[in-house]
file structure13.cif (mmCIF, C-alpha atoms)
data_entry
loop_
_atom_site.group_PDB
_atom_site.id
_atom_site.type_symbol
_atom_site.label_atom_id
_atom_site.label_comp_id
_atom_site.auth_asym_id
_atom_site.auth_seq_id
_atom_site.Cartn_x
_atom_site.Cartn_y
_atom_site.Cartn_z
ATOM 1 C CA MET A 1 -37.008 -32.509 38.417
ATOM 2 C CA SER A 2 -37.461 -28.772 38.807
ATOM 3 C CA LEU A 3 -40.490 -27.290 37.070
ATOM 4 C CA HIS A 4 -39.137 -23.760 36.923
ATOM 5 C CA ASN A 5 -36.075 -22.106 35.508
ATOM 6 C CA PRO A 6 -33.567 -21.800 38.370
ATOM 7 C CA PRO A 7 -31.950 -18.375 38.615
ATOM 8 C CA HIS A 8 -28.463 -17.805 37.304
ATOM 9 C CA PRO A 9 -26.030 -17.652 40.237
ATOM 10 C CA GLY A 10 -25.039 -14.153 39.149
ATOM 11 C CA SER A 11 -28.554 -12.841 39.687
ATOM 12 C CA ILE A 12 -28.544 -14.282 43.208
ATOM 13 C CA ILE A 13 -25.233 -12.596 43.957
ATOM 14 C CA ARG A 14 -26.460 -9.310 42.507
ATOM 15 C CA ASP A 15 -29.896 -9.294 44.147
ATOM 16 C CA GLN A 16 -29.295 -11.079 47.446
ATOM 17 C CA CYS A 17 -25.668 -10.329 48.268
ATOM 18 C CA LEU A 18 -24.500 -7.098 46.661
ATOM 19 C CA ALA A 19 -27.705 -5.033 46.678
ATOM 20 C CA PRO A 20 -28.672 -5.570 50.356
ATOM 21 C CA LEU A 21 -25.130 -4.741 51.461
ATOM 22 C CA GLY A 22 -24.899 -1.727 49.170
ATOM 23 C CA LEU A 23 -21.776 -3.157 47.530
ATOM 24 C CA THR A 24 -20.646 -2.051 44.115
ATOM 25 C CA ILE A 25 -19.134 -4.530 41.710
ATOM 26 C CA THR A 26 -15.757 -2.867 42.220
ATOM 27 C CA ARG A 27 -15.891 -3.085 46.016
ATOM 28 C CA ALA A 28 -17.220 -6.655 46.032
ATOM 29 C CA ALA A 29 -14.516 -7.726 43.562
ATOM 30 C CA GLN A 30 -11.890 -6.296 45.907
ATOM 31 C CA GLU A 31 -13.400 -8.220 48.830
ATOM 32 C CA LEU A 32 -13.458 -11.427 46.765
ATOM 33 C CA ASP A 33 -9.906 -10.777 45.517
ATOM 34 C CA ILE A 34 -10.936 -11.091 41.874
ATOM 35 C CA THR A 35 -11.024 -8.668 38.977
ATOM 36 C CA ARG A 36 -13.936 -6.336 38.504
ATOM 37 C CA GLN A 37 -14.398 -7.795 35.026
ATOM 38 C CA SER A 38 -14.770 -11.327 36.414
ATOM 39 C CA LEU A 39 -17.420 -10.310 38.916
ATOM 40 C CA SER A 40 -19.214 -8.170 36.344
ATOM 41 C CA ALA A 41 -19.378 -11.131 33.946
ATOM 42 C CA LEU A 42 -20.815 -13.276 36.733
ATOM 43 C CA VAL A 43 -23.481 -10.867 38.000
ATOM 44 C CA ASN A 44 -24.485 -9.997 34.430
ATOM 45 C CA GLU A 45 -24.973 -13.717 33.756
ATOM 46 C CA ARG A 46 -22.233 -14.049 31.141
ATOM 47 C CA LYS A 47 -20.139 -16.388 33.293
ATOM 48 C CA GLY A 48 -20.806 -19.181 35.770
ATOM 49 C CA ILE A 49 -19.368 -20.125 39.144
ATOM 50 C CA SER A 50 -16.205 -22.218 39.265
ATOM 51 C CA PRO A 51 -15.286 -24.247 42.354
ATOM 52 C CA GLU A 52 -12.696 -21.591 43.231
ATOM 53 C CA MET A 53 -15.283 -18.826 42.928
ATOM 54 C CA ALA A 54 -17.752 -20.864 44.983
ATOM 55 C CA GLY A 55 -15.191 -20.999 47.773
ATOM 56 C CA ARG A 56 -14.658 -17.245 47.632
ATOM 57 C CA LEU A 57 -18.398 -16.582 47.682
ATOM 58 C CA ALA A 58 -18.934 -18.949 50.605
ATOM 59 C CA LYS A 59 -16.205 -17.234 52.592
ATOM 60 C CA SER A 60 -17.411 -13.709 51.820
ATOM 61 C CA PHE A 61 -21.192 -14.060 51.724
ATOM 62 C CA GLY A 62 -21.895 -17.157 53.765
ATOM 63 C CA SER A 63 -23.368 -20.554 52.998
ATOM 64 C CA THR A 64 -21.048 -23.257 51.691
ATOM 65 C CA LEU A 65 -19.009 -24.026 48.636
ATOM 66 C CA GLU A 66 -21.388 -26.917 47.942
ATOM 67 C CA THR A 67 -24.413 -24.624 48.073
ATOM 68 C CA TRP A 68 -22.960 -22.226 45.510
ATOM 69 C CA LEU A 69 -21.925 -25.094 43.242
ATOM 70 C CA GLY A 70 -25.409 -26.579 43.626
ATOM 71 C CA VAL A 71 -26.976 -23.330 42.445
ATOM 72 C CA GLN A 72 -24.717 -23.397 39.378
ATOM 73 C CA GLU A 73 -25.457 -27.084 38.756
ATOM 74 C CA ALA A 74 -29.225 -26.552 38.931
ATOM 75 C CA TYR A 75 -28.958 -23.679 36.456
ATOM 76 C CA ASP A 76 -26.713 -25.667 34.088
ATOM 77 C CA GLN A 77 -28.974 -28.723 34.158
ATOM 78 C CA TRP A 78 -32.063 -26.640 33.413
ATOM 79 C CA GLN A 79 -30.294 -24.954 30.505
ATOM 80 C CA ALA A 80 -29.167 -28.319 29.107
ATOM 81 C CA ARG A 81 -32.672 -29.771 29.370
ATOM 82 C CA SER A 82 -34.198 -26.685 27.768
ATOM 83 C CA ALA A 83 -31.723 -26.750 24.891
ATOM 84 C CA GLY A 84 -32.391 -30.455 24.337
ATOM 85 C CA SER A 85 -36.160 -30.011 24.268
ATOM 86 C CA HIS A 86 -35.958 -27.827 21.158
ATOM 87 C CA LYS A 87 -34.382 -30.495 18.971
ATOM 88 C CA SER A 88 -36.477 -32.447 16.512
ATOM 89 C CA ARG A 89 -34.951 -35.819 17.327
ATOM 90 C CA ASN A 90 -33.902 -37.421 20.552
ATOM 91 C CA PRO A 91 -30.078 -37.352 20.496
ATOM 92 C CA GLY A 92 -29.925 -39.862 23.351
ATOM 93 C CA VAL A 93 -31.716 -42.497 21.281
ATOM 94 C CA TYR A 94 -29.579 -41.715 18.241
ATOM 95 C CA LEU A 95 -26.344 -42.001 20.221
ATOM 96 C CA GLU A 96 -27.544 -45.171 21.928
ATOM 97 C CA ARG A 97 -28.182 -46.782 18.533
ATOM 98 C CA ARG A 98 -24.760 -45.711 17.255
ATOM 99 C CA CYS A 99 -23.109 -47.070 20.380
ATOM 100 C CA LEU A 100 -24.928 -50.401 20.102
ATOM 101 C CA GLN A 101 -24.000 -50.650 16.414
ATOM 102 C CA ALA A 102 -20.352 -49.984 17.219
ATOM 103 C CA ILE A 103 -20.338 -52.575 19.988
ATOM 104 C CA SER A 104 -22.082 -55.257 17.922
ATOM 105 C CA SER A 105 -20.025 -54.686 14.746
ATOM 106 C CA PRO A 106 -17.067 -57.026 14.394
ATOM 107 C CA SER A 107 -13.719 -55.273 14.202
#
call {"tool": "encode", "arguments": {"input": "structure13.cif", "output": "structure tokens"}}
result
Amino acid sequence: MSLHNPPHPGSIIRDQCLAPLGLTITRAAQELDITRQSLSALVNERKGISPEMAGRLAKSFGSTLETWLGVQEAYDQWQARSAGSHKSRNPGVYLERRCLQAISSPS
């Protein structure tokens, strides 16, 4: 389990792909064959990476589709764990009890 908050994939694209190459959002969007709005939402961390986008990023910036999806997955898992840690009860235990009750109750 990761002990730190993984970066959003958009920040990696912004800081490690676009900035070093001197690419604007508009120019990078053209290279990726996507809309400027889509890339802007991604690099400003309002949108995540889909499998299709991961393929485009891999082709344009290197690495693999799996690597880009892994970055998104790590971010999503951290966010889910963080959101779950703020709840007063353990929803997993609650759902497990409900499931067991449903299974053991005669129809």
call {"tool": "atom_distance", "arguments": {"input": "structure13.cif", "atom1": "CA of Phe61 (chain A)", "atom2": "CA of Ala80 (chain A)"}}
result
27.9 Å
call {"tool": "atom_distance", "arguments": {"input": "structure13.cif", "atom1": "CA of Leu57 (chain A)", "atom2": "CA of Ala83 (chain A)"}}
result
28.3 Å
call {"tool": "residues_around", "arguments": {"input": "structure13.cif", "residues": "Leu32 (chain A)", "least_positions_apart": "2", "cutoff": "12 Å", "atoms": "all atoms listed in the file", "output": "PDB file with C-alpha atoms, keeping the file's coordinate frame"}}
result
ATOM      1  CA  LEU A  18     -24.500  -7.098  46.661  1.00  0.00           C
ATOM      2  CA  LEU A  23     -21.776  -3.157  47.530  1.00  0.00           C
ATOM      3  CA  ILE A  25     -19.134  -4.530  41.710  1.00  0.00           C
ATOM      4  CA  THR A  26     -15.757  -2.867  42.220  1.00  0.00           C
ATOM      5  CA  ARG A  27     -15.891  -3.085  46.016  1.00  0.00           C
ATOM      6  CA  ALA A  28     -17.220  -6.655  46.032  1.00  0.00           C
ATOM      7  CA  ALA A  29     -14.516  -7.726  43.562  1.00  0.00           C
ATOM      8  CA  GLN A  30     -11.890  -6.296  45.907  1.00  0.00           C
ATOM      9  CA  ILE A  34     -10.936 -11.091  41.874  1.00  0.00           C
ATOM     10  CA  THR A  35     -11.024  -8.668  38.977  1.00  0.00           C
ATOM     11  CA  ARG A  36     -13.936  -6.336  38.504  1.00  0.00           C
ATOM     12  CA  SER A  38     -14.770 -11.327  36.414  1.00  0.00           C
ATOM     13  CA  LEU A  39     -17.420 -10.310  38.916  1.00  0.00           C
ATOM     14  CA  GLU A  52     -12.696 -21.591  43.231  1.00  0.00           C
ATOM     15  CA  MET A  53     -15.283 -18.826  42.928  1.00  0.00           C
ATOM     16  CA  ALA A  54     -17.752 -20.864  44.983  1.00  0.00           C
ATOM     17  CA  GLY A  55     -15.191 -20.999  47.773  1.00  0.00           C
ATOM     18  CA  ARG A  56     -14.658 -17.245  47.632  1.00  0.00           C
ATOM     19  CA  LEU A  57     -18.398 -16.582  47.682  1.00  0.00           C
ATOM     20  CA  ALA A  58     -18.934 -18.949  50.605  1.00  0.00           C
ATOM     21  CA  LYS A  59     -16.205 -17.234  52.592  1.00  0.00           C
ATOM     22  CA  SER A  60     -17.411 -13.709  51.820  1.00  0.00           C
ATOM     23  CA  PHE A  61     -21.192 -14.060  51.724  1.00  0.00           C
TER      24      PHE A  61
END
call {"tool": "resolve_selection", "arguments": {"input": "structure13.cif", "expression": "the PyMOL selection byres ((chain A and resi 10) around 9)", "output": "PyMOL selection string"}}
result
chain A and resi 7-9+11-15+39-49
call {"tool": "atom_distance", "arguments": {"input": "structure13.cif", "atom1": "CA of Asp76 (chain A)", "atom2": "CA of Asn5 (chain A)"}}
result
10.1 Å
call {"tool": "closest_residue", "arguments": {"input": "structure13.cif", "among": "A:Pro20, A:Pro51, A:His4, A:Gln37", "to": "Thr64 (chain A)", "atoms": "all atoms listed in the file"}}
result
A:Pro51
call {"tool": "axis_aligned_box", "arguments": {"input": "structure13.cif", "around": "region 18-32 of chain A", "padding_each_side": "8 Å", "output": "lines of an AutoDock Vina configuration file"}}
result
center_x = -20.3
center_y = -6.6
center_z = 46.6
size_x = 32.8
size_y = 25.7
size_z = 25.8
